[in-house]
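Chemist: Pasting query.cif below, which is mmCIF, C-alpha atoms.
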data_run
loop_
_atom_site.label_atom_id
_atom_site.label_comp_id
_atom_site.auth_asym_id
_atom_site.auth_seq_id
_atom_site.Cartn_x
_atom_site.Cartn_y
_atom_site.Cartn_z
CA MET A 1 -66.66 73.25 -45.55
CA LYS A 2 -63.51 74.62 -43.93
CA LEU A 3 -64.05 75.79 -40.36
CA THR A 4 -63.05 79.27 -39.35
CA MET A 5 -60.37 79.69 -36.73
CA ARG A 6 -62.95 80.93 -34.19
CA LYS A 7 -65.19 77.90 -34.68
CA ALA A 8 -62.27 75.50 -34.47
CA LEU A 9 -61.09 77.11 -31.28
CA PHE A 10 -64.62 76.90 -29.79
CA ILE A 11 -64.86 73.19 -30.61
CA TRP A 12 -61.40 72.52 -29.18
CA ILE A 13 -62.18 74.33 -25.89
CA THR A 14 -65.50 72.44 -25.65
CA LEU A 15 -63.69 69.12 -26.02
CA VAL A 16 -61.20 70.10 -23.33
CA PHE A 17 -64.02 70.83 -20.89
CA VAL A 18 -65.76 67.56 -21.76
CA LEU A 19 -62.56 65.62 -21.14
CA SER A 20 -61.98 67.54 -17.92
CA ALA A 21 -65.47 66.65 -16.72
CA CYS A 22 -64.81 62.98 -17.45
CA GLN A 23 -61.64 63.09 -15.39
CA SER A 24 -63.20 64.93 -12.45
CA SER A 25 -64.31 61.69 -10.80
CA THR A 26 -60.75 60.50 -10.23
CA SER A 27 -59.04 61.09 -6.92
CA ASP A 28 -56.01 62.69 -8.60
CA TYR A 29 -57.97 65.43 -10.36
CA ASP A 30 -56.66 68.93 -9.64
CA PRO A 31 -58.77 71.78 -11.18
CA ALA A 32 -55.97 74.33 -10.93
CA ALA A 33 -53.44 71.97 -12.55
CA ASP A 34 -55.93 71.09 -15.30
CA LYS A 35 -56.53 74.78 -16.03
CA ALA A 36 -52.78 75.33 -16.32
CA SER A 37 -52.49 72.32 -18.64
CA THR A 38 -55.32 73.66 -20.83
CA GLN A 39 -53.62 77.03 -21.15
CA GLU A 40 -50.32 75.39 -22.01
CA LEU A 41 -51.97 73.12 -24.60
CA LYS A 42 -53.66 76.14 -26.19
CA LYS A 43 -50.27 77.79 -26.53
CA MET A 44 -48.79 74.65 -28.11
CA GLN A 45 -51.65 74.47 -30.63
CA THR A 46 -50.68 77.84 -32.09
CA GLU A 47 -46.91 77.50 -32.13
CA ASP A 48 -44.36 74.72 -32.28
CA GLN A 49 -41.11 76.50 -32.91
CA GLY A 50 -38.86 75.12 -30.21
CA GLN A 51 -37.71 76.89 -27.04
CA THR A 52 -38.61 80.55 -26.63
CA LEU A 53 -36.70 82.53 -23.99
CA THR A 54 -37.46 86.00 -22.69
CA LEU A 55 -34.20 87.88 -22.17
CA ASN A 56 -33.58 90.49 -19.50
CA HIS A 57 -31.86 93.79 -20.17
CA THR A 58 -28.31 92.70 -19.39
CA ALA A 59 -24.75 92.83 -20.58
CA THR A 60 -24.51 89.97 -23.07
CA SER A 61 -21.76 88.70 -25.31
CA ASP A 62 -23.21 91.00 -28.00
CA THR A 63 -22.89 94.13 -25.83
CA LYS A 64 -19.40 93.08 -24.74
CA GLN A 65 -18.46 93.06 -28.41
CA GLY A 66 -19.83 96.56 -28.90
CA GLY A 67 -23.34 95.64 -30.03
CA SER A 68 -26.55 97.19 -28.81
CA SER A 69 -28.12 96.11 -25.52
CA VAL A 70 -31.25 93.97 -25.37
CA GLU A 71 -34.48 95.40 -23.96
CA ARG A 72 -36.33 93.55 -21.22
CA GLY A 73 -38.90 91.18 -22.66
CA TYR A 74 -36.99 90.57 -25.89
CA LYS A 75 -37.81 87.02 -27.01
CA ILE A 76 -35.48 84.65 -28.82
CA GLN A 77 -35.85 81.12 -30.10
CA THR A 78 -33.02 78.70 -29.55
CA ARG A 79 -32.18 75.02 -29.38
CA LEU A 80 -31.03 73.94 -25.93
CA THR A 81 -28.91 70.81 -25.59
CA ASP A 82 -28.27 70.61 -21.83
CA PHE A 83 -29.05 72.32 -18.52
CA GLN A 84 -28.13 72.36 -14.85
CA LEU A 85 -30.26 73.40 -11.86
CA LEU A 86 -28.47 75.70 -9.40
CA SER A 87 -31.31 76.29 -6.92
CA ALA A 88 -35.07 75.87 -6.70
CA SER A 89 -35.52 78.95 -8.92
CA ALA A 90 -32.16 79.32 -10.70
CA GLY A 91 -30.68 77.27 -13.51
CA LEU A 92 -28.47 77.25 -16.59
CA ALA A 93 -29.34 76.09 -20.10
CA TRP A 94 -27.16 76.13 -23.20
CA GLY A 95 -26.62 75.13 -26.81
CA VAL A 96 -24.48 76.02 -29.82
CA THR A 97 -25.74 78.23 -32.64
CA ARG A 98 -23.51 78.72 -35.69
CA ASN A 99 -20.49 77.53 -33.66
CA GLU A 100 -21.25 80.10 -30.93
CA LEU A 101 -21.90 78.83 -27.41
CA ARG A 102 -25.07 80.36 -25.97
CA ILE A 103 -25.44 80.06 -22.19
CA TYR A 104 -28.54 81.41 -20.48
CA VAL A 105 -29.24 81.69 -16.77
CA THR A 106 -32.55 82.24 -15.02
CA GLN A 107 -33.14 83.39 -11.45
CA ASP A 108 -36.95 83.30 -11.60
CA SER A 109 -37.79 79.73 -12.67
CA GLY A 110 -37.55 80.47 -16.38
CA ASP A 111 -39.75 83.57 -16.59
CA THR A 112 -36.77 85.60 -17.77
CA TRP A 113 -33.19 84.77 -18.72
CA ASP A 114 -29.80 86.47 -18.96
CA ASN A 115 -27.38 85.72 -21.78
CA VAL A 116 -24.08 84.94 -20.05
CA SER A 117 -22.28 83.47 -23.07
CA PRO A 118 -18.52 83.80 -23.50
CA ALA A 119 -17.04 85.93 -26.27
CA GLN A 120 -18.28 85.19 -29.78
CA THR A 121 -14.70 84.72 -30.93
CA VAL A 122 -14.46 81.49 -28.89
CA THR A 123 -16.09 78.96 -31.23
CA PHE A 124 -17.40 75.51 -30.32
CA SER A 125 -17.76 72.64 -32.78
CA GLU A 126 -20.16 70.75 -30.46
CA PRO A 127 -22.40 71.73 -27.55
CA PRO A 128 -20.76 71.24 -24.13
CA THR A 129 -21.97 68.40 -21.90
CA TYR A 130 -22.31 68.91 -18.17
CA GLY A 131 -19.52 67.23 -16.22
CA LYS A 132 -17.49 66.82 -19.39
CA ASP A 133 -17.08 70.30 -20.88
CA ILE A 134 -18.97 72.53 -18.45
CA PHE A 135 -19.26 72.68 -14.66
CA PHE A 136 -20.87 75.22 -12.34
CA LEU A 137 -20.18 75.13 -8.62
CA ASN A 138 -22.90 77.71 -7.89
CA GLN A 139 -24.55 80.71 -9.53
CA ASN A 140 -21.27 82.66 -9.63
CA ASN A 141 -18.47 80.18 -10.26
CA GLY A 142 -18.44 78.20 -13.48
CA TRP A 143 -16.02 76.69 -16.01
CA VAL A 144 -16.40 75.92 -19.72
CA ILE A 145 -13.89 73.95 -21.79
CA ARG A 146 -13.33 74.40 -25.52
CA ASN A 147 -11.43 71.37 -26.82
CA ALA A 148 -8.40 71.74 -29.05
CA SER A 149 -10.10 70.14 -32.09
CA GLY A 150 -8.46 71.90 -34.98
CA VAL A 151 -7.62 75.10 -33.08
CA GLY A 152 -4.35 73.98 -31.53
CA GLU A 153 -5.05 74.38 -27.81
CA THR A 154 -7.55 73.43 -25.14
CA LEU A 155 -9.15 76.55 -23.71
CA ILE A 156 -10.63 76.74 -20.19
CA LEU A 157 -13.00 79.62 -19.48
CA HIS A 158 -13.79 80.61 -15.89
CA THR A 159 -16.35 83.05 -14.49
CA THR A 160 -16.67 84.27 -10.89
CA ASP A 161 -19.64 86.59 -11.48
CA GLY A 162 -22.22 84.34 -13.10
CA GLY A 163 -20.97 84.78 -16.67
CA GLN A 164 -20.82 88.56 -16.89
CA ASN A 165 -17.06 88.22 -17.37
CA TRP A 166 -14.90 85.26 -18.37
CA ASN A 167 -11.20 84.57 -17.77
CA PHE A 168 -9.18 82.35 -20.10
CA ALA A 169 -6.55 79.69 -19.44
CA THR A 170 -5.03 76.88 -21.52
CA LEU A 171 -3.65 73.39 -21.00
CA ASN A 172 -0.16 72.75 -22.26
CA ASP A 173 -1.11 70.11 -24.82
CA GLU A 174 -3.71 69.45 -27.47
CA ALA A 175 -5.69 67.13 -25.25
CA THR A 176 -9.32 66.15 -25.63
CA VAL A 177 -11.10 66.82 -22.37
CA LEU A 178 -13.08 63.89 -20.96
CA GLY A 179 -14.34 65.32 -17.67
CA ILE A 180 -14.21 68.25 -15.25
CA TYR A 181 -15.00 68.57 -11.54
CA PHE A 182 -14.57 71.27 -8.86
CA ILE A 183 -15.12 70.94 -5.11
CA ASP A 184 -14.84 74.70 -4.42
CA SER A 185 -13.89 77.89 -6.21
CA SER A 186 -10.18 77.00 -6.12
CA ASN A 187 -9.71 73.22 -6.34
CA GLY A 188 -10.63 71.25 -9.41
CA TRP A 189 -9.61 68.48 -11.83
CA VAL A 190 -9.68 67.91 -15.57
CA MET A 191 -9.33 64.48 -17.18
CA THR A 192 -8.04 64.40 -20.75
CA SER A 193 -7.31 61.92 -23.50
CA LEU A 194 -3.69 62.42 -24.51
CA ASP A 195 -4.05 61.44 -28.15
CA SER A 196 -7.56 60.69 -29.36
CA SER A 197 -6.22 59.50 -32.73
CA LYS A 198 -4.78 56.44 -30.95
CA ASP A 199 -7.95 55.67 -29.02
CA SER A 200 -9.71 52.45 -29.99
CA ALA A 201 -13.23 51.37 -29.12
CA ASP A 202 -12.15 50.39 -25.60
CA MET A 203 -8.72 51.98 -25.15
CA GLN A 204 -8.12 55.55 -24.03
CA GLU A 205 -4.87 57.20 -22.99
CA LYS A 206 -5.69 59.38 -20.01
CA ALA A 207 -4.09 62.21 -18.07
CA LEU A 208 -5.32 64.08 -15.01
CA TYR A 209 -4.68 67.76 -14.30
CA THR A 210 -5.42 69.66 -11.10
CA THR A 211 -5.70 73.34 -10.18
CA THR A 212 -5.61 75.13 -6.83
CA ASP A 213 -6.28 78.64 -8.15
CA GLY A 214 -9.65 78.26 -9.82
CA GLY A 215 -8.31 77.13 -13.16
CA ASN A 216 -5.74 79.82 -13.95
CA THR A 217 -2.91 77.28 -13.83
CA TRP A 218 -2.95 73.49 -14.13
CA LYS A 219 -0.55 70.74 -13.10
CA LYS A 220 -0.47 67.22 -14.54
CA ILE A 221 -0.55 64.68 -11.69
CA MET A 222 -1.35 61.41 -13.47
CA GLN A 223 -0.72 59.87 -16.87
CA ASN A 224 -1.35 56.29 -17.94
CA THR A 225 0.74 56.12 -21.09
CA GLY A 226 2.30 52.67 -21.25
CA VAL A 227 0.18 51.41 -18.37
CA PHE A 228 -2.19 48.51 -18.98
CA VAL A 229 -4.01 47.22 -15.93
CA THR A 230 -5.37 43.70 -16.01
CA GLU A 231 -8.61 42.81 -14.27
CA GLY A 232 -8.29 42.46 -10.50
CA SER A 233 -4.94 44.23 -10.20
CA THR A 234 -4.20 47.41 -8.24
CA ALA A 235 -3.87 50.45 -10.46
CA GLN A 236 -1.43 53.25 -9.82
CA ALA A 237 -2.89 55.11 -12.78
CA ILE A 238 -6.35 54.88 -14.27
CA PRO A 239 -5.96 52.22 -16.98
CA GLN A 240 -6.06 52.79 -20.71
CA LEU A 241 -8.67 50.08 -21.01
CA GLY A 242 -12.11 51.65 -20.78
CA LYS A 243 -13.85 54.90 -21.72
CA LEU A 244 -14.39 57.52 -19.05
CA VAL A 245 -18.05 57.87 -18.03
CA GLY A 246 -17.84 60.18 -15.04
CA MET A 247 -15.59 61.71 -12.40
CA SER A 248 -16.33 63.21 -8.97
CA PHE A 249 -14.42 64.24 -5.84
CA ARG A 250 -15.67 64.51 -2.25
CA ASP A 251 -12.75 66.66 -1.10
CA ARG A 252 -9.16 67.45 -2.10
CA ASN A 253 -8.06 63.84 -1.54
CA ASN A 254 -10.92 61.45 -2.24
CA GLY A 255 -12.31 60.95 -5.71
CA PHE A 256 -14.04 58.45 -7.98
CA VAL A 257 -13.97 57.60 -11.67
CA THR A 258 -16.21 55.23 -13.59
CA LEU A 259 -15.06 53.55 -16.79
CA GLU A 260 -16.93 51.36 -19.24
CA GLN A 261 -14.66 48.48 -20.20
CA HIS A 262 -15.91 46.05 -22.85
CA GLY A 263 -19.47 46.94 -21.92
CA THR A 264 -19.03 46.50 -18.16
CA PRO A 265 -18.84 49.18 -15.42
CA HIS A 266 -15.69 49.66 -13.35
CA LEU A 267 -14.99 52.03 -10.49
CA TYR A 268 -11.58 53.51 -9.60
CA ILE A 269 -10.84 55.31 -6.34
CA THR A 270 -8.16 57.78 -5.25
CA SER A 271 -7.28 58.94 -1.73
CA ASN A 272 -4.41 61.30 -2.62
CA GLY A 273 -6.07 63.81 -4.90
CA GLY A 274 -5.77 61.77 -8.10
CA LYS A 275 -2.08 60.91 -8.13
CA THR A 276 -2.71 57.18 -7.76
CA TRP A 277 -5.83 55.03 -8.13
CA LYS A 278 -7.04 51.60 -7.08
CA THR A 279 -9.85 49.42 -8.38
CA GLY A 280 -13.24 49.46 -6.70
CA PRO A 281 -15.91 46.74 -6.57
CA ASP A 282 -16.96 44.84 -9.70
CA PHE A 283 -20.55 45.99 -10.08
CA ASP A 284 -21.29 43.66 -12.99
CA LYS A 285 -20.53 40.52 -10.96
CA ASN A 286 -23.48 40.99 -8.63
CA LYS A 287 -25.45 37.73 -8.51
CA LYS A 288 -28.66 39.69 -7.98
CA LEU A 289 -28.37 41.18 -11.45
CA PRO A 290 -30.13 39.33 -14.28
CA ALA A 291 -28.16 38.05 -17.25
CA CYS A 292 -27.15 41.09 -19.27
CA HIS A 293 -25.69 41.42 -22.77
CA SER A 294 -23.91 44.59 -21.68
CA PHE A 295 -24.18 47.47 -19.20
CA THR A 296 -24.55 51.23 -19.25
CA THR A 297 -22.49 52.89 -16.56
CA GLY A 298 -23.57 55.88 -14.50
CA LYS A 299 -21.54 58.62 -12.89
CA PRO A 300 -20.60 58.54 -9.18
CA GLN A 301 -22.64 61.28 -7.50
CA PHE A 302 -22.92 62.52 -3.92
CA PHE A 303 -26.14 64.11 -2.73
CA GLY A 304 -26.08 67.86 -2.17
CA ASP A 305 -23.56 68.84 0.47
CA SER A 306 -23.21 65.26 1.70
CA LYS A 307 -19.68 63.93 1.92
CA THR A 308 -20.74 60.38 2.66
CA ALA A 309 -24.01 59.52 0.85
CA GLY A 310 -24.04 58.98 -2.90
CA TRP A 311 -25.10 56.65 -5.67
CA MET A 312 -24.50 55.34 -9.21
CA ASN A 313 -26.86 54.23 -11.95
CA ILE A 314 -26.22 50.84 -13.59
CA GLY A 315 -28.22 49.78 -16.65
CA CYS A 316 -28.60 46.14 -17.72
CA VAL A 317 -28.92 45.96 -21.52
CA LYS A 318 -30.69 42.93 -22.95
CA ASP A 319 -32.86 42.37 -26.05
CA SER A 320 -32.87 46.05 -27.08
CA GLN A 321 -34.05 47.31 -23.70
CA THR A 322 -32.35 48.59 -20.57
CA SER A 323 -33.37 47.80 -17.01
CA TYR A 324 -31.92 50.18 -14.42
CA ASN A 325 -30.66 49.49 -10.92
CA GLY A 326 -28.56 51.46 -8.48
CA TYR A 327 -25.62 51.23 -6.11
CA PHE A 328 -25.73 53.43 -3.00
CA THR A 329 -23.04 54.32 -0.48
CA HIS A 330 -23.39 55.75 3.02
CA ASP A 331 -19.73 55.62 4.02
CA ALA A 332 -18.10 57.90 1.45
CA GLY A 333 -17.65 55.17 -1.14
CA LYS A 334 -15.96 52.53 0.99
CA THR A 335 -18.85 50.16 0.35
CA TRP A 336 -21.64 50.21 -2.24
CA ASN A 337 -25.02 48.52 -1.67
CA PHE A 338 -27.03 47.15 -4.57
CA ALA A 339 -30.58 48.52 -4.92
CA PRO A 340 -32.79 46.72 -7.47
CA PHE A 341 -35.32 49.03 -9.12
CA ALA A 342 -38.80 47.61 -9.63
CA LEU A 343 -39.18 49.74 -12.74
CA GLN A 344 -40.19 48.99 -16.31
CA ALA A 345 -37.29 48.77 -18.77
CA GLN A 346 -36.50 51.65 -21.15
CA THR A 347 -36.64 51.03 -24.90
CA GLY A 348 -36.17 52.90 -28.16
CA VAL A 349 -34.67 56.40 -28.31
CA ASN A 350 -34.85 56.72 -24.50
CA GLN A 351 -33.05 53.49 -23.69
CA SER A 352 -30.16 55.37 -22.08
CA MET A 353 -32.39 57.54 -19.87
CA GLY A 354 -32.09 56.17 -16.34
CA PRO A 355 -33.69 57.37 -13.10
CA THR A 356 -32.52 60.39 -11.12
CA PHE A 357 -32.30 60.59 -7.31
CA LEU A 358 -32.54 63.59 -4.99
CA ASN A 359 -31.23 61.66 -1.98
CA ASP A 360 -30.78 58.04 -0.98
CA LYS A 361 -34.55 57.47 -0.88
CA ILE A 362 -36.40 59.78 -3.28
CA GLY A 363 -36.06 59.43 -7.03
CA TRP A 364 -37.93 59.83 -10.34
CA SER A 365 -38.00 58.22 -13.76
CA VAL A 366 -39.92 58.87 -16.99
CA VAL A 367 -40.91 55.68 -18.81
CA ASN A 368 -43.20 55.66 -21.86
CA GLY A 369 -44.34 59.18 -21.08
CA ILE A 370 -45.31 58.39 -17.48
CA VAL A 371 -43.50 59.95 -14.50
CA TYR A 372 -42.71 57.49 -11.70
CA ARG A 373 -41.59 58.41 -8.19
CA THR A 374 -39.99 56.29 -5.48
CA ALA A 375 -39.59 57.10 -1.80
CA ASN A 376 -37.82 53.90 -0.76
CA GLN A 377 -34.67 53.73 -2.91
CA GLY A 378 -36.40 52.15 -5.88
CA LYS A 379 -38.07 49.20 -4.19
CA THR A 380 -41.45 50.50 -5.37
CA TRP A 381 -42.39 53.19 -7.88
CA LYS A 382 -45.67 55.11 -8.00
CA ALA A 383 -47.01 56.28 -11.35
CA LEU A 384 -47.94 59.95 -11.02
CA PRO A 385 -51.18 61.29 -12.59
CA ILE A 386 -51.06 61.74 -16.35
CA ASN A 387 -50.42 65.40 -17.16
CA ASN A 388 -51.83 66.64 -20.47
CA THR A 389 -49.07 69.17 -21.05
CA LEU A 390 -46.33 66.59 -20.57
CA GLN A 391 -48.10 63.98 -22.72
CA ASN A 392 -48.66 66.37 -25.62
CA THR A 393 -45.14 67.73 -25.40
CA LEU A 394 -43.67 64.22 -25.50
CA ASN A 395 -45.82 63.40 -28.53
CA LYS A 396 -44.00 66.17 -30.39
CA TYR A 397 -40.65 65.92 -28.59
CA PRO A 398 -40.27 62.18 -27.85
CA GLU A 399 -36.58 62.10 -26.89
CA LEU A 400 -35.69 62.52 -23.21
CA VAL A 401 -32.41 64.40 -22.89
CA LYS A 402 -32.09 65.04 -19.16
CA LEU A 403 -34.14 64.88 -15.95
CA GLN A 404 -32.98 66.60 -12.75
CA PHE A 405 -34.61 67.56 -9.46
CA PHE A 406 -33.26 70.18 -7.08
CA SER A 407 -35.82 69.54 -4.34
CA ALA A 408 -38.74 67.23 -3.64
CA ASP A 409 -40.93 69.67 -5.59
CA VAL A 410 -38.81 71.38 -8.27
CA GLY A 411 -37.43 69.54 -11.28
CA TRP A 412 -36.55 70.22 -14.93
CA LEU A 413 -36.89 67.96 -17.97
CA LEU A 414 -35.29 68.60 -21.36
CA VAL A 415 -36.98 66.89 -24.33
CA ALA A 416 -36.06 66.99 -28.02
CA LYS A 417 -36.85 65.93 -31.55
CA ASN A 418 -33.36 65.68 -32.92
CA GLU A 419 -34.32 65.12 -36.55
CA GLU A 420 -35.58 68.72 -36.56
CA ARG A 421 -32.90 69.98 -34.16
CA ARG A 422 -35.47 71.29 -31.68
CA SER A 423 -35.89 70.98 -27.94
CA LEU A 424 -38.07 72.17 -25.08
CA LEU A 425 -37.23 72.70 -21.42
CA MET A 426 -39.99 71.84 -18.95
CA GLN A 427 -40.45 72.38 -15.22
CA THR A 428 -42.46 70.85 -12.39
CA THR A 429 -43.04 72.52 -9.03
CA ASP A 430 -45.12 69.77 -7.42
CA GLY A 431 -42.79 66.79 -7.55
CA GLY A 432 -43.60 65.69 -11.11
CA LYS A 433 -47.41 65.72 -11.01
CA THR A 434 -47.80 68.66 -13.39
CA TRP A 435 -45.41 70.21 -15.92
CA HIS A 436 -45.15 73.39 -17.96
CA VAL A 437 -42.79 74.61 -20.69
CA LEU A 438 -40.31 77.23 -19.52
#
Write out the structure in this file as structure tokens.
Modeler:
Amino acid sequence: MKLTMRKALFIWITLVFVLSACQSSTSDYDPAADKASTQELKKMQTEDQGQTLTLNHTATSDTKQGGSSVERGYKIQTRLTDFQLLSASAGLAWGVTRNELRIYVTQDSGDTWDNVSPAQTVTFSEPPTYGKDIFFLNQNNGWVIRNASGVGETLILHTTDGGQNWNFATLNDEATVLGIYFIDSSNGWVMTSLDSSKDSADMQEKALYTTTDGGNTWKKIMQNTGVFVTEGSTAQAIPQLGKLVGMSFRDRNNGFVTLEQHGTPHLYITSNGGKTWKTGPDFDKNKKLPACHSFTTGKPQFFGDSKTAGWMNIGCVKDSQTSYNGYFTHDAGKTWNFAPFALQAQTGVNQSMGPTFLNDKIGWSVVNGIVYRTANQGKTWKALPINNTLQNTLNKYPELVKLQFFSADVGWLLVAKNEERRSLLMQTTDGGKTWHVL
């Protein structure tokens, strides 16, 4: 006989309490966290419709176009494709709906959001990726790039008030943007591919532009057309060989670029603001690395406001699985020290999901649905207690899109099930022990 909804709910709650009682003998049991997980699971039982955001009453792209304003508490459902934490309680999340870029910002850890999207007339064929098409320096200053693709010009949008208003600028060619980076509200760089139609699997014509006025005007300072740099030589321009993975600058002079060349990672360094570049160390030739079929290359990153301490992820791909290790620097990139990670290899749809680090000691990784934390630069990893909310969310959304921590306590995780074009954004406030859906 078919159970009524009330009976089914009673049985489900009873089972939760039974399971909770069974777990209460473990040292990691937290009654408050378990209660929160139960409430979250109950919510997930009744709805599975992707991300739901509660919008504030604010000037949105709709109101800027003459539409009606949105009342506080108005809920929308959307598919998020990327995010970026700006503080312990503030962050951005975005996606593209019907070729319209939707950017949302929260100041209260995801309880409410503001729609800070650019004008609806600026269409996007693909969702922007952080560090490639979108970059925010802080909660006020941000840049979004709309590639030329079929529209004739590359458009750079810039906000100085957190997305309430956007200024527009263009590059002087129909370039495909590969990366963007700003060190302050005035000085930034954009790397482009000059002619993507000529790019092969491992070749990429590259040009570098810089701005000193926040992106209103841009000047080309490097171009590698006609330049082919052989292995071990000193590069004046970043070579055509290799696809750009990431770009970062410490100040107006010193910057780093990682390329993936024939499946191996390569680092290039500039000390004059990007005009000329030289080769860095060969990360793949480290004798401490196991035999690898190929590598996945990470982006050079510096921790917080540090100008000297940073790191890069390097993945060793072998037999359909990827084992991750790191390279750390404490002298502004002059030398890089290898750090082997005693961490289980990633497989399947999450093979490209490497660890994330808050500083040169503390990091996290999610492997097979378990959150691991290290406090000694990856020498050892501790499996955190299994959280019911995270486990059940990953059962429905098995693809890990991005993991980022702003502090030792606060982190966000974006998960997805791409075959249904859905995603969920999750948050932890206790260092990864418990999670909830924003």
Chemist: Using only C-alpha atoms, which protein or nucleic acid residues come within 10 Å of range 415-425 of chain A? Drop anything in the same chain fewer than 5 positions from it, and give the result as a count of residues only.
Modeler: 28
Chemist: Taking the file as shown, what set of residues would the PyMOL selection byres ((chain A and resi 283-290) around 10) give back, as a PDB file with C-alpha atoms, in the coordinates of the input?
Modeler:
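Contents of out00.pdb, freshly written:
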ATOM      1  CA  GLY A 263     -19.470  46.940 -21.920  1.00  0.00           C
ATOM      2  CA  THR A 264     -19.030  46.500 -18.160  1.00  0.00           C
ATOM      3  CA  PRO A 265     -18.840  49.180 -15.420  1.00  0.00           C
ATOM      4  CA  HIS A 266     -15.690  49.660 -13.350  1.00  0.00           C
ATOM      5  CA  LEU A 267     -14.990  52.030 -10.490  1.00  0.00           C
ATOM      6  CA  GLY A 280     -13.240  49.460  -6.700  1.00  0.00           C
ATOM      7  CA  PRO A 281     -15.910  46.740  -6.570  1.00  0.00           C
ATOM      8  CA  ASP A 282     -16.960  44.840  -9.700  1.00  0.00           C
ATOM      9  CA  ALA A 291     -28.160  38.050 -17.250  1.00  0.00           C
ATOM     10  CA  CYS A 292     -27.150  41.090 -19.270  1.00  0.00           C
ATOM     11  CA  HIS A 293     -25.690  41.420 -22.770  1.00  0.00           C
ATOM     12  CA  SER A 294     -23.910  44.590 -21.680  1.00  0.00           C
ATOM     13  CA  PHE A 295     -24.180  47.470 -19.200  1.00  0.00           C
ATOM     14  CA  THR A 297     -22.490  52.890 -16.560  1.00  0.00           C
ATOM     15  CA  ILE A 314     -26.220  50.840 -13.590  1.00  0.00           C
ATOM     16  CA  GLY A 315     -28.220  49.780 -16.650  1.00  0.00           C
ATOM     17  CA  CYS A 316     -28.600  46.140 -17.720  1.00  0.00           C
ATOM     18  CA  VAL A 317     -28.920  45.960 -21.520  1.00  0.00           C
ATOM     19  CA  LYS A 318     -30.690  42.930 -22.950  1.00  0.00           C
ATOM     20  CA  SER A 323     -33.370  47.800 -17.010  1.00  0.00           C
ATOM     21  CA  ASN A 325     -30.660  49.490 -10.920  1.00  0.00           C
ATOM     22  CA  GLY A 326     -28.560  51.460  -8.480  1.00  0.00           C
ATOM     23  CA  TYR A 327     -25.620  51.230  -6.110  1.00  0.00           C
ATOM     24  CA  TRP A 336     -21.640  50.210  -2.240  1.00  0.00           C
ATOM     25  CA  ASN A 337     -25.020  48.520  -1.670  1.00  0.00           C
ATOM     26  CA  PHE A 338     -27.030  47.150  -4.570  1.00  0.00           C
ATOM     27  CA  ALA A 339     -30.580  48.520  -4.920  1.00  0.00           C
ATOM     28  CA  PRO A 340     -32.790  46.720  -7.470  1.00  0.00           C
TER      29      PRO A 340
END
Chemist: State, in Å with one decimal place, the distance from CA of Val245 in chain A to CA of Gln346 in chain A.
Modeler: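 Taking CA of Val245 in chain A as the start and CA of Gln346 in chain A as the end point, the length is 19.7 Å.
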Chemist: Can you measure CA of Ser407 in chain A to CA of Gly298 in chain A for me? One decimal in Å is fine.
Modeler: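 Straight-line distance from CA of Ser407 in chain A to CA of Gly298 in chain A works out to 21.0 Å.
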Chemist: What's the separation between CA of Val122 in chain A and CA of Arg146 in chain A, in Å to one decimal place?
Modeler: 7.9 Å
Chemist: Exactly which residues make up the result of the PyMOL selection byres ((chain A and resi 138) around 9) on this file, given as a ChimeraX atom specification?
Modeler: /A:86-87,136-137,139-142,162
Chemist: Show which residues sit within 12 Å of Asn187 in chain A, as a PyMOL selection string. Count only C-alpha atoms, and ignore same-chain residues fewer than 4 positions away.
Modeler: chain A and resi 137+141+180-183+209-219+249-253+273
Chemist: Would you save the residues from that selection as a CSV table (one decimal), in the coordinates of the input, using C-alpha atoms?
Modeler:
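part-v2.csv, freshly written:
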chain,number,residue,atom,x,y,z
A,137,LEU,CA,-20.2,75.1,-8.6
A,141,ASN,CA,-18.5,80.2,-10.3
A,180,ILE,CA,-14.2,68.2,-15.2
A,181,TYR,CA,-15.0,68.6,-11.5
A,182,PHE,CA,-14.6,71.3,-8.9
A,183,ILE,CA,-15.1,70.9,-5.1
A,209,TYR,CA,-4.7,67.8,-14.3
A,210,THR,CA,-5.4,69.7,-11.1
A,211,THR,CA,-5.7,73.3,-10.2
A,212,THR,CA,-5.6,75.1,-6.8
A,213,ASP,CA,-6.3,78.6,-8.2
A,214,GLY,CA,-9.6,78.3,-9.8
A,215,GLY,CA,-8.3,77.1,-13.2
A,216,ASN,CA,-5.7,79.8,-14.0
A,217,THR,CA,-2.9,77.3,-13.8
A,218,TRP,CA,-3.0,73.5,-14.1
A,219,LYS,CA,-0.6,70.7,-13.1
A,249,PHE,CA,-14.4,64.2,-5.8
A,250,ARG,CA,-15.7,64.5,-2.2
A,251,ASP,CA,-12.8,66.7,-1.1
A,252,ARG,CA,-9.2,67.4,-2.1
A,253,ASN,CA,-8.1,63.8,-1.5
A,273,GLY,CA,-6.1,63.8,-4.9
Chemist: Write out as a count of residues only which residues come within 7 Å of Asn224 in chain A when counting only C-alpha atoms, dropping same-chain ones fewer than 2 positions away.
Modeler: 10
Chemist: Excluding Ile145 in chain A and any residue of its chain fewer than 5 positions from it, enumerate the residues within 7 Å of it, using all atoms listed in the file, and give them as number ranges by chain.
Modeler: A: 133-134, 155-157
Chemist: Given the file above and the PyMOL selection byres ((chain A and resi 376) around 9), which residues are selected, and can you give them as a list of chain:residue names?
Modeler: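 Taken on the displayed file, the PyMOL selection byres ((chain A and resi 376) around 9) yields the residues A:Asp360, A:Lys361, A:Ile362, A:Gly363, A:Thr374, A:Ala375, A:Gln377, A:Gly378, A:Lys379, A:Thr380, A:Trp381.
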